[in-house]
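Peer 1: Coordinates in protein-v5.cif, mmCIF, C-alpha atoms, are listed below.
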```
data_model
loop_
_atom_site.group_PDB
_atom_site.id
_atom_site.type_symbol
_atom_site.label_atom_id
_atom_site.label_comp_id
_atom_site.auth_asym_id
_atom_site.auth_seq_id
_atom_site.Cartn_x
_atom_site.Cartn_y
_atom_site.Cartn_z
ATOM 1 C CA MET O 829 7.399 38.681 -32.207
ATOM 2 C CA LEU O 830 6.145 35.093 -32.558
ATOM 3 C CA LYS O 831 8.889 33.885 -30.249
ATOM 4 C CA LYS O 832 7.859 36.426 -27.582
ATOM 5 C CA SER O 833 4.214 35.367 -27.891
ATOM 6 C CA LEU O 834 5.137 31.708 -27.470
ATOM 7 C CA LEU O 835 7.260 32.512 -24.423
ATOM 8 C CA ALA O 836 4.439 34.549 -22.907
ATOM 9 C CA ALA O 837 1.979 31.724 -23.520
ATOM 10 C CA ALA O 838 4.340 29.199 -21.932
ATOM 11 C CA ALA O 839 4.786 31.461 -18.909
ATOM 12 C CA SER O 840 1.016 31.773 -18.536
ATOM 13 C CA LEU O 841 0.557 28.003 -18.688
ATOM 14 C CA ALA O 842 3.264 27.571 -16.063
ATOM 15 C CA LEU O 843 1.493 30.020 -13.758
ATOM 16 C CA VAL O 844 -1.813 28.219 -14.258
ATOM 17 C CA ALA O 845 -0.176 24.861 -13.521
ATOM 18 C CA ALA O 846 1.496 26.225 -10.401
ATOM 19 C CA GLY O 847 -1.772 27.726 -9.228
ATOM 20 C CA THR O 848 -3.581 24.453 -9.849
ATOM 21 C CA THR O 849 -0.973 22.526 -7.850
ATOM 22 C CA ALA O 850 -1.157 24.988 -4.970
ATOM 23 C CA PHE O 851 -4.955 24.818 -4.983
ATOM 24 C CA ALA O 852 -4.852 21.010 -4.987
ATOM 25 C CA ALA O 853 -2.388 20.973 -2.091
ATOM 26 C CA GLU O 854 -4.600 23.404 -0.165
ATOM 27 C CA LYS O 855 -7.649 21.225 -0.740
ATOM 28 C CA GLY O 856 -5.843 17.945 -0.055
ATOM 29 C CA ALA O 857 -5.598 14.822 -2.183
ATOM 30 C CA LYS O 858 -8.630 13.507 -4.058
ATOM 31 C CA SER O 859 -6.842 10.561 -5.686
ATOM 32 C CA VAL O 860 -5.977 7.289 -3.967
ATOM 33 C CA VAL O 861 -3.842 4.453 -5.332
ATOM 34 C CA LEU O 862 -4.281 1.083 -3.594
ATOM 35 C CA VAL O 863 -1.515 -1.534 -3.733
ATOM 36 C CA HIS O 864 -2.212 -5.107 -2.649
ATOM 37 C CA GLY O 865 0.260 -7.475 -1.046
ATOM 38 C CA ALA O 866 1.347 -11.073 -1.441
ATOM 39 C CA PHE O 867 -1.010 -14.026 -1.965
ATOM 40 C CA ALA O 868 -3.809 -11.613 -2.959
ATOM 41 C CA ASP O 869 -4.929 -9.391 -5.811
ATOM 42 C CA GLY O 870 -6.641 -6.032 -6.150
ATOM 43 C CA THR O 871 -10.183 -7.352 -5.709
ATOM 44 C CA GLY O 872 -9.683 -7.480 -1.943
ATOM 45 C CA TRP O 873 -9.825 -3.679 -1.897
ATOM 46 C CA ARG O 874 -13.479 -3.640 -3.050
ATOM 47 C CA GLY O 875 -14.930 -2.597 0.317
ATOM 48 C CA VAL O 876 -12.388 0.200 0.761
ATOM 49 C CA TYR O 877 -12.863 1.249 -2.862
ATOM 50 C CA ASP O 878 -16.631 1.528 -2.479
ATOM 51 C CA ILE O 879 -16.348 3.785 0.587
ATOM 52 C CA LEU O 880 -13.740 6.061 -0.983
ATOM 53 C CA LYS O 881 -15.681 6.372 -4.250
ATOM 54 C CA LYS O 882 -18.853 7.233 -2.342
ATOM 55 C CA ASP O 883 -16.904 9.933 -0.517
ATOM 56 C CA GLY O 884 -15.789 11.488 -3.802
ATOM 57 C CA TYR O 885 -12.252 10.153 -4.222
ATOM 58 C CA ASN O 886 -10.692 9.015 -7.480
ATOM 59 C CA VAL O 887 -9.444 5.492 -6.798
ATOM 60 C CA SER O 888 -7.023 3.318 -8.754
ATOM 61 C CA ILE O 889 -6.130 -0.248 -7.852
ATOM 62 C CA VAL O 890 -2.767 -1.654 -8.876
ATOM 63 C CA GLN O 891 -2.717 -5.289 -9.979
ATOM 64 C CA ASN O 892 0.787 -6.308 -8.960
ATOM 65 C CA THR O 893 2.312 -9.434 -10.405
ATOM 66 C CA THR O 894 4.214 -9.853 -7.091
ATOM 67 C CA THR O 895 7.035 -11.417 -9.089
ATOM 68 C CA SER O 896 9.636 -8.724 -8.410
ATOM 69 C CA LEU O 897 9.782 -5.425 -6.555
ATOM 70 C CA ALA O 898 10.939 -3.602 -9.686
ATOM 71 C CA ALA O 899 7.933 -4.799 -11.704
ATOM 72 C CA ASP O 900 5.476 -3.910 -8.943
ATOM 73 C CA VAL O 901 6.999 -0.458 -8.448
ATOM 74 C CA ALA O 902 6.755 0.171 -12.198
ATOM 75 C CA ALA O 903 3.062 -0.813 -12.205
ATOM 76 C CA THR O 904 2.404 1.430 -9.214
ATOM 77 C CA LYS O 905 4.154 4.419 -10.770
ATOM 78 C CA GLN O 906 2.032 3.995 -13.886
ATOM 79 C CA ALA O 907 -1.099 4.237 -11.738
ATOM 80 C CA ILE O 908 0.261 7.328 -9.990
ATOM 81 C CA ASP O 909 1.095 8.941 -13.337
ATOM 82 C CA LYS O 910 -2.500 8.475 -14.482
ATOM 83 C CA SER O 911 -3.989 9.851 -11.261
ATOM 84 C CA GLU O 912 -5.233 13.415 -10.962
ATOM 85 C CA GLY O 913 -3.454 15.802 -8.620
ATOM 86 C CA PRO O 914 -1.866 14.803 -5.299
ATOM 87 C CA VAL O 915 -2.100 11.100 -4.480
ATOM 88 C CA VAL O 916 -2.478 9.103 -1.279
ATOM 89 C CA LEU O 917 -0.510 5.899 -1.843
ATOM 90 C CA VAL O 918 -1.710 2.894 0.152
ATOM 91 C CA GLY O 919 -0.060 -0.489 0.603
ATOM 92 C CA HIS O 920 -1.068 -3.681 2.366
ATOM 93 C CA SER O 921 1.484 -6.230 3.576
ATOM 94 C CA TYR O 922 4.185 -6.631 0.871
ATOM 95 C CA GLY O 923 2.506 -3.649 -0.808
ATOM 96 C CA GLY O 924 4.172 -1.559 1.904
ATOM 97 C CA VAL O 925 7.551 -2.342 0.344
ATOM 98 C CA VAL O 926 6.198 -1.269 -3.030
ATOM 99 C CA ILE O 927 4.864 2.081 -1.790
ATOM 100 C CA SER O 928 8.056 2.745 0.176
ATOM 101 C CA GLU O 929 9.967 2.617 -3.108
ATOM 102 C CA ALA O 930 7.343 4.105 -5.453
ATOM 103 C CA GLY O 931 6.208 6.784 -3.007
ATOM 104 C CA THR O 932 9.052 9.147 -3.834
ATOM 105 C CA HIS O 933 7.036 10.019 -6.956
ATOM 106 C CA GLU O 934 6.415 13.775 -6.959
ATOM 107 C CA LYS O 935 2.622 13.367 -7.061
ATOM 108 C CA VAL O 936 2.470 11.328 -3.852
ATOM 109 C CA GLN O 937 1.262 13.471 -0.948
ATOM 110 C CA SER O 938 1.240 10.818 1.769
ATOM 111 C CA LEU O 939 1.675 7.113 2.437
ATOM 112 C CA VAL O 940 -0.675 4.735 4.238
ATOM 113 C CA TYR O 941 0.545 1.355 5.476
ATOM 114 C CA ILE O 942 -2.111 -1.259 6.241
ATOM 115 C CA ALA O 943 -0.579 -4.095 8.312
ATOM 116 C CA ALA O 944 2.366 -3.644 5.991
ATOM 117 C CA PHE O 945 6.117 -3.858 5.748
ATOM 118 C CA ALA O 946 7.759 -0.426 5.910
ATOM 119 C CA PRO O 947 11.414 -1.036 5.023
ATOM 120 C CA ASP O 948 14.292 1.322 5.572
ATOM 121 C CA LYS O 949 17.003 1.886 2.966
ATOM 122 C CA GLY O 950 18.534 -1.412 1.866
ATOM 123 C CA GLU O 951 15.875 -3.520 3.594
ATOM 124 C CA SER O 952 13.583 -6.063 1.965
ATOM 125 C CA VAL O 953 10.922 -8.495 3.114
ATOM 126 C CA SER O 954 13.674 -11.087 3.526
ATOM 127 C CA THR O 955 15.685 -8.920 5.914
ATOM 128 C CA LEU O 956 12.615 -7.760 7.853
ATOM 129 C CA ILE O 957 11.405 -11.296 8.570
ATOM 130 C CA ALA O 958 14.855 -12.689 9.363
ATOM 131 C CA ASN O 959 14.530 -12.071 13.122
ATOM 132 C CA PRO O 960 10.855 -12.247 14.167
ATOM 133 C CA PRO O 961 9.810 -11.200 17.682
ATOM 134 C CA ALA O 962 10.021 -13.951 20.288
ATOM 135 C CA GLY O 963 6.949 -16.144 20.245
ATOM 136 C CA ALA O 964 5.655 -14.772 16.943
ATOM 137 C CA PRO O 965 3.509 -17.236 14.964
ATOM 138 C CA VAL O 966 5.048 -18.724 11.840
ATOM 139 C CA PRO O 967 2.990 -18.026 8.685
ATOM 140 C CA PRO O 968 2.047 -21.290 6.899
ATOM 141 C CA ILE O 969 4.097 -20.552 3.769
ATOM 142 C CA LEU O 970 4.776 -23.697 1.761
ATOM 143 C CA PRO O 971 8.228 -24.474 0.325
ATOM 144 C CA PRO O 972 8.847 -22.649 -2.975
ATOM 145 C CA VAL O 973 7.908 -24.363 -6.214
ATOM 146 C CA ASP O 974 9.528 -23.074 -9.404
ATOM 147 C CA GLY O 975 10.442 -19.849 -7.615
ATOM 148 C CA PHE O 976 6.973 -19.107 -6.213
ATOM 149 C CA LEU O 977 5.387 -19.300 -2.774
ATOM 150 C CA PHE O 978 1.847 -20.140 -1.621
ATOM 151 C CA LEU O 979 0.144 -20.300 1.749
ATOM 152 C CA ASP O 980 -1.197 -23.662 2.899
ATOM 153 C CA LYS O 981 -4.869 -23.481 1.853
ATOM 154 C CA ALA O 982 -6.004 -25.428 4.895
ATOM 155 C CA LYS O 983 -4.406 -22.835 7.184
ATOM 156 C CA PHE O 984 -5.076 -19.725 5.080
ATOM 157 C CA ALA O 985 -8.212 -18.558 6.889
ATOM 158 C CA ALA O 986 -6.768 -18.922 10.393
ATOM 159 C CA SER O 987 -3.482 -17.198 9.609
ATOM 160 C CA PHE O 988 -4.409 -14.593 6.989
ATOM 161 C CA ALA O 989 -8.129 -13.890 7.314
ATOM 162 C CA ALA O 990 -9.423 -15.054 10.684
ATOM 163 C CA ASP O 991 -12.068 -12.303 10.918
ATOM 164 C CA VAL O 992 -13.286 -12.613 7.309
ATOM 165 C CA ASP O 993 -16.473 -14.594 6.674
ATOM 166 C CA ALA O 994 -15.805 -18.256 5.901
ATOM 167 C CA GLU O 995 -16.940 -18.177 2.269
ATOM 168 C CA THR O 996 -14.802 -15.146 1.421
ATOM 169 C CA ALA O 997 -11.783 -16.566 3.239
ATOM 170 C CA ALA O 998 -12.149 -19.847 1.346
ATOM 171 C CA PHE O 999 -12.332 -17.952 -1.952
ATOM 172 C CA MET O 1000 -9.205 -15.969 -1.029
ATOM 173 C CA ALA O 1001 -7.366 -19.203 -0.248
ATOM 174 C CA ASP O 1002 -8.381 -20.768 -3.567
ATOM 175 C CA SER O 1003 -7.568 -17.640 -5.596
ATOM 176 C CA GLN O 1004 -4.117 -17.006 -4.140
ATOM 177 C CA VAL O 1005 -1.653 -15.183 -6.353
ATOM 178 C CA PRO O 1006 1.756 -16.892 -6.269
ATOM 179 C CA TRP O 1007 4.421 -14.749 -4.599
ATOM 180 C CA GLY O 1008 7.720 -14.701 -6.443
ATOM 181 C CA VAL O 1009 10.742 -15.470 -4.277
ATOM 182 C CA GLU O 1010 12.573 -12.692 -6.125
ATOM 183 C CA ALA O 1011 10.086 -10.148 -4.748
ATOM 184 C CA LEU O 1012 11.089 -11.001 -1.181
ATOM 185 C CA SER O 1013 14.671 -9.916 -1.811
ATOM 186 C CA GLY O 1014 13.768 -6.631 -3.530
ATOM 187 C CA ALA O 1015 15.433 -3.923 -1.428
ATOM 188 C CA VAL O 1016 14.232 -0.347 -1.054
ATOM 189 C CA THR O 1017 16.662 2.320 -2.286
ATOM 190 C CA GLU O 1018 15.225 5.542 -0.824
ATOM 191 C CA PRO O 1019 12.227 4.963 1.491
ATOM 192 C CA ALA O 1020 9.509 7.494 0.743
ATOM 193 C CA TRP O 1021 8.448 7.664 4.387
ATOM 194 C CA LYS O 1022 11.601 9.630 5.143
ATOM 195 C CA THR O 1023 10.271 12.598 3.155
ATOM 196 C CA LYS O 1024 6.469 12.054 3.009
ATOM 197 C CA PRO O 1025 3.878 12.050 5.831
ATOM 198 C CA SER O 1026 3.046 8.451 6.743
ATOM 199 C CA TYR O 1027 0.116 6.712 8.401
ATOM 200 C CA TYR O 1028 0.007 3.166 9.720
ATOM 201 C CA LEU O 1029 -2.876 0.871 10.624
ATOM 202 C CA VAL O 1030 -1.737 -1.903 12.968
ATOM 203 C CA ALA O 1031 -3.880 -5.050 12.861
ATOM 204 C CA ALA O 1032 -3.877 -6.173 16.481
ATOM 205 C CA GLN O 1033 -4.569 -9.885 15.810
ATOM 206 C CA ASP O 1034 -2.319 -10.218 12.763
ATOM 207 C CA LEU O 1035 -0.720 -13.678 12.513
ATOM 208 C CA MET O 1036 1.284 -12.910 9.362
ATOM 209 C CA ILE O 1037 3.218 -9.772 10.371
ATOM 210 C CA PRO O 1038 3.430 -9.598 14.189
ATOM 211 C CA PRO O 1039 1.773 -6.464 15.620
ATOM 212 C CA ALA O 1040 4.968 -5.737 17.564
ATOM 213 C CA ALA O 1041 6.897 -5.634 14.288
ATOM 214 C CA GLN O 1042 4.228 -3.391 12.772
ATOM 215 C CA GLN O 1043 4.511 -0.996 15.712
ATOM 216 C CA MET O 1044 8.297 -0.929 15.379
ATOM 217 C CA MET O 1045 8.198 -0.096 11.672
ATOM 218 C CA ALA O 1046 5.486 2.521 12.174
ATOM 219 C CA LYS O 1047 7.446 4.231 14.963
ATOM 220 C CA ARG O 1048 10.625 4.210 12.911
ATOM 221 C CA ALA O 1049 8.798 5.826 10.004
ATOM 222 C CA GLY O 1050 7.371 8.519 12.276
ATOM 223 C CA ALA O 1051 3.902 7.453 11.158
ATOM 224 C CA THR O 1052 0.559 8.461 12.620
ATOM 225 C CA VAL O 1053 -0.620 5.142 14.071
ATOM 226 C CA VAL O 1054 -4.020 3.625 14.699
ATOM 227 C CA GLU O 1055 -4.444 0.110 16.073
ATOM 228 C CA VAL O 1056 -7.563 -1.819 15.133
ATOM 229 C CA PRO O 1057 -8.679 -5.293 16.241
ATOM 230 C CA GLY O 1058 -8.412 -7.586 13.265
ATOM 231 C CA SER O 1059 -6.474 -10.074 11.170
ATOM 232 C CA HIS O 1060 -3.918 -9.539 8.430
ATOM 233 C CA ALA O 1061 -6.853 -9.148 6.041
ATOM 234 C CA ILE O 1062 -8.133 -6.104 7.961
ATOM 235 C CA TYR O 1063 -8.675 -4.260 4.675
ATOM 236 C CA VAL O 1064 -11.275 -6.902 3.776
ATOM 237 C CA SER O 1065 -12.860 -7.397 7.198
ATOM 238 C CA ASN O 1066 -12.944 -3.746 8.278
ATOM 239 C CA PRO O 1067 -12.843 -1.525 5.186
ATOM 240 C CA LYS O 1068 -14.277 1.456 7.089
ATOM 241 C CA ALA O 1069 -11.329 1.645 9.496
ATOM 242 C CA VAL O 1070 -8.966 1.475 6.533
ATOM 243 C CA ALA O 1071 -10.872 4.072 4.518
ATOM 244 C CA ASP O 1072 -11.039 6.405 7.533
ATOM 245 C CA LEU O 1073 -7.249 6.406 7.853
ATOM 246 C CA ILE O 1074 -6.812 6.950 4.107
ATOM 247 C CA GLU O 1075 -9.158 9.930 4.218
ATOM 248 C CA LYS O 1076 -7.196 11.343 7.141
ATOM 249 C CA ALA O 1077 -4.025 11.022 5.078
ATOM 250 C CA ALA O 1078 -5.748 12.859 2.225
ATOM 251 C CA GLN O 1079 -6.279 16.010 4.256
ATOM 252 C CA PRO O 1080 -4.209 19.110 3.393
ATOM 253 C CA ALA O 1081 -0.718 19.145 4.790
ATOM 254 C CA ASN O 1082 -0.245 21.462 7.749
#
```
Give the structure from the file, written as structure tokens.

Peer 2:
Amino acid sequence: MLKKSLLAAAASLALVAAGTTAFAAEKGAKSVVLVHGAFADGTGWRGVYDILKKDGYNVSIVQNTTTSLAADVAATKQAIDKSEGPVVLVGHSYGGVVISEAGTHEKVQSLVYIAAFAPDKGESVSTLIANPPAGAPVPPILPPVDGFLFLDKAKFAASFAADVDAETAAFMADSQVPWGVEALSGAVTEPAWKTKPSYYLVAAQDLMIPPAAQQMMAKRAGATVVEVPGSHAIYVSNPKAVADLIEKAAQPAN
């Protein structure tokens, strides 16, 4: 008798859980996980965070070490695990590699790439930058020191954050997070964009990842694309455009 009661209770809980999931899917995602890229940390998302919070979203910001893809994917999956209901997973720059790998998580509803790498199976940052478009500017990355990379501080604003106010750009240059060389070679195993709806914001004046390369990766991923005037740091300079695309990605799936 007790066994039957326990089975009945378990069945009821399963039905409730299924109903909750269906309701959440019908209503769309209310949780967003933001993943930063190289040479930066999570504080750059503040403007986007403020808009999304005001609009009622639950927002988590991953603080990647950017030392290896495996470590950054693990940190991102932890944030997804702690998020409520379906999740919109957002990545900027190198963060696009992270979300491509971590986005297969069952709670991820959709992916949003912000001027980001969107690798296919077996690709990494290293393979994607191996053959840049003709005439593409060369990012001012200094030679590695002890396995880590930095951008030349004197050229940081012009190349990474040309449309960010001077004081903020200077702070970003001085607070750079070292990018581990190992992270560049981290290859994606099963790109989430092959099975999840994807959205891509192309930064039209990006001098770090050429807009033509962004368009190519977005098209390959079958992403919904918007192009916005702005630098690589578009998420800092134009948080509204970024938040608008995230909120579009949070809508219920058709």

Peer 1: Residues picked by the PyMOL selection byres ((chain O and resi 952) around 7) here, as a PyMOL selection string?

Peer 2: chain O and resi 947+950-951+953-956+1012-1016

Peer 1: Residues near range 856-866 of chain O, anyone? I mean within 7 Å using all atoms listed in the file, not counting same-chain ones fewer than 6 positions away, as a list in words.

Peer 2: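 The residues satisfying every condition are Tyr885, Asn886, Val887, Ser888, Ile889, Val890, Thr894, Ala907, Ile908, Ser911, Glu912, Gly913, Pro914, Val915, Val916, Leu917, Val918, Gly919, His920, Ser921, Tyr922, Gly923, Trp1007, Ala1078, Gln1079 and Pro1080 of chain O.
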
Peer 1: Expand the PyMOL selection byres ((chain O and resi 1054) around 10) into the explicit residue set it covers here, and present it as a VMD selection string.

Peer 2: chain O and resid 942 1027 to 1032 1043 1046 1051 to 1053 1055 to 1056 1069 to 1070 1073

Peer 1: For CA of Glu929 in chain O and CA of Ser896 in chain O, quote the distance in Å rounded to one decimal.

Peer 2: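 Taking CA of Glu929 in chain O as the start and CA of Ser896 in chain O as the end point, the length is 12.5 Å.
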
Peer 1: What does the distance between CA of Ile1062 in chain O and CA of Asp980 in chain O come to in Å, to one decimal place?

Peer 2: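 Straight-line distance from CA of Ile1062 in chain O to CA of Asp980 in chain O works out to 19.5 Å.
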
Peer 1: I'd like the interatomic distance between CA of Leu977 in chain O and CA of Val876 in chain O, to a tenth of an Å.

Peer 2: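 For CA of Leu977 in chain O relative to CA of Val876 in chain O, the distance reads 26.6 Å.
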
Peer 1: Here's the selection I'm unsure about, the PyMOL selection byres ((chain O and resi 1037-1040) around 9); applied to the file above, which residues does it give, as a ChimeraX atom specification?

Peer 2: /O:921,943-945,957,960-961,964-965,967,1030-1036,1041-1045,1060

Peer 1: Which polymer residues have any atom within 12 Å of an atom of Ala930 in chain O, counting all atoms listed in the file, with same-chain residues fewer than 3 positions away left out, as a PyMOL selection string?

Peer 2: chain O and resi 861+863+897-909+915-919+923-927+933-936+938-939+1016-1021+1024

Peer 1: Store the residues picked out above, limited to C-alpha atoms, as an mmCIF file, in the frame of the given file.

Peer 2:
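Contents of result.cif, as written:
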```
data_model
loop_
_atom_site.group_PDB
_atom_site.id
_atom_site.type_symbol
_atom_site.label_atom_id
_atom_site.label_comp_id
_atom_site.auth_asym_id
_atom_site.auth_seq_id
_atom_site.Cartn_x
_atom_site.Cartn_y
_atom_site.Cartn_z
ATOM 1 C CA VAL O 861 -3.842 4.453 -5.332
ATOM 2 C CA VAL O 863 -1.515 -1.534 -3.733
ATOM 3 C CA LEU O 897 9.782 -5.425 -6.555
ATOM 4 C CA ALA O 898 10.939 -3.602 -9.686
ATOM 5 C CA ALA O 899 7.933 -4.799 -11.704
ATOM 6 C CA ASP O 900 5.476 -3.910 -8.943
ATOM 7 C CA VAL O 901 6.999 -0.458 -8.448
ATOM 8 C CA ALA O 902 6.755 0.171 -12.198
ATOM 9 C CA ALA O 903 3.062 -0.813 -12.205
ATOM 10 C CA THR O 904 2.404 1.430 -9.214
ATOM 11 C CA LYS O 905 4.154 4.419 -10.770
ATOM 12 C CA GLN O 906 2.032 3.995 -13.886
ATOM 13 C CA ALA O 907 -1.099 4.237 -11.738
ATOM 14 C CA ILE O 908 0.261 7.328 -9.990
ATOM 15 C CA ASP O 909 1.095 8.941 -13.337
ATOM 16 C CA VAL O 915 -2.100 11.100 -4.480
ATOM 17 C CA VAL O 916 -2.478 9.103 -1.279
ATOM 18 C CA LEU O 917 -0.510 5.899 -1.843
ATOM 19 C CA VAL O 918 -1.710 2.894 0.152
ATOM 20 C CA GLY O 919 -0.060 -0.489 0.603
ATOM 21 C CA GLY O 923 2.506 -3.649 -0.808
ATOM 22 C CA GLY O 924 4.172 -1.559 1.904
ATOM 23 C CA VAL O 925 7.551 -2.342 0.344
ATOM 24 C CA VAL O 926 6.198 -1.269 -3.030
ATOM 25 C CA ILE O 927 4.864 2.081 -1.790
ATOM 26 C CA HIS O 933 7.036 10.019 -6.956
ATOM 27 C CA GLU O 934 6.415 13.775 -6.959
ATOM 28 C CA LYS O 935 2.622 13.367 -7.061
ATOM 29 C CA VAL O 936 2.470 11.328 -3.852
ATOM 30 C CA SER O 938 1.240 10.818 1.769
ATOM 31 C CA LEU O 939 1.675 7.113 2.437
ATOM 32 C CA VAL O 1016 14.232 -0.347 -1.054
ATOM 33 C CA THR O 1017 16.662 2.320 -2.286
ATOM 34 C CA GLU O 1018 15.225 5.542 -0.824
ATOM 35 C CA PRO O 1019 12.227 4.963 1.491
ATOM 36 C CA ALA O 1020 9.509 7.494 0.743
ATOM 37 C CA TRP O 1021 8.448 7.664 4.387
ATOM 38 C CA LYS O 1024 6.469 12.054 3.009
#
```
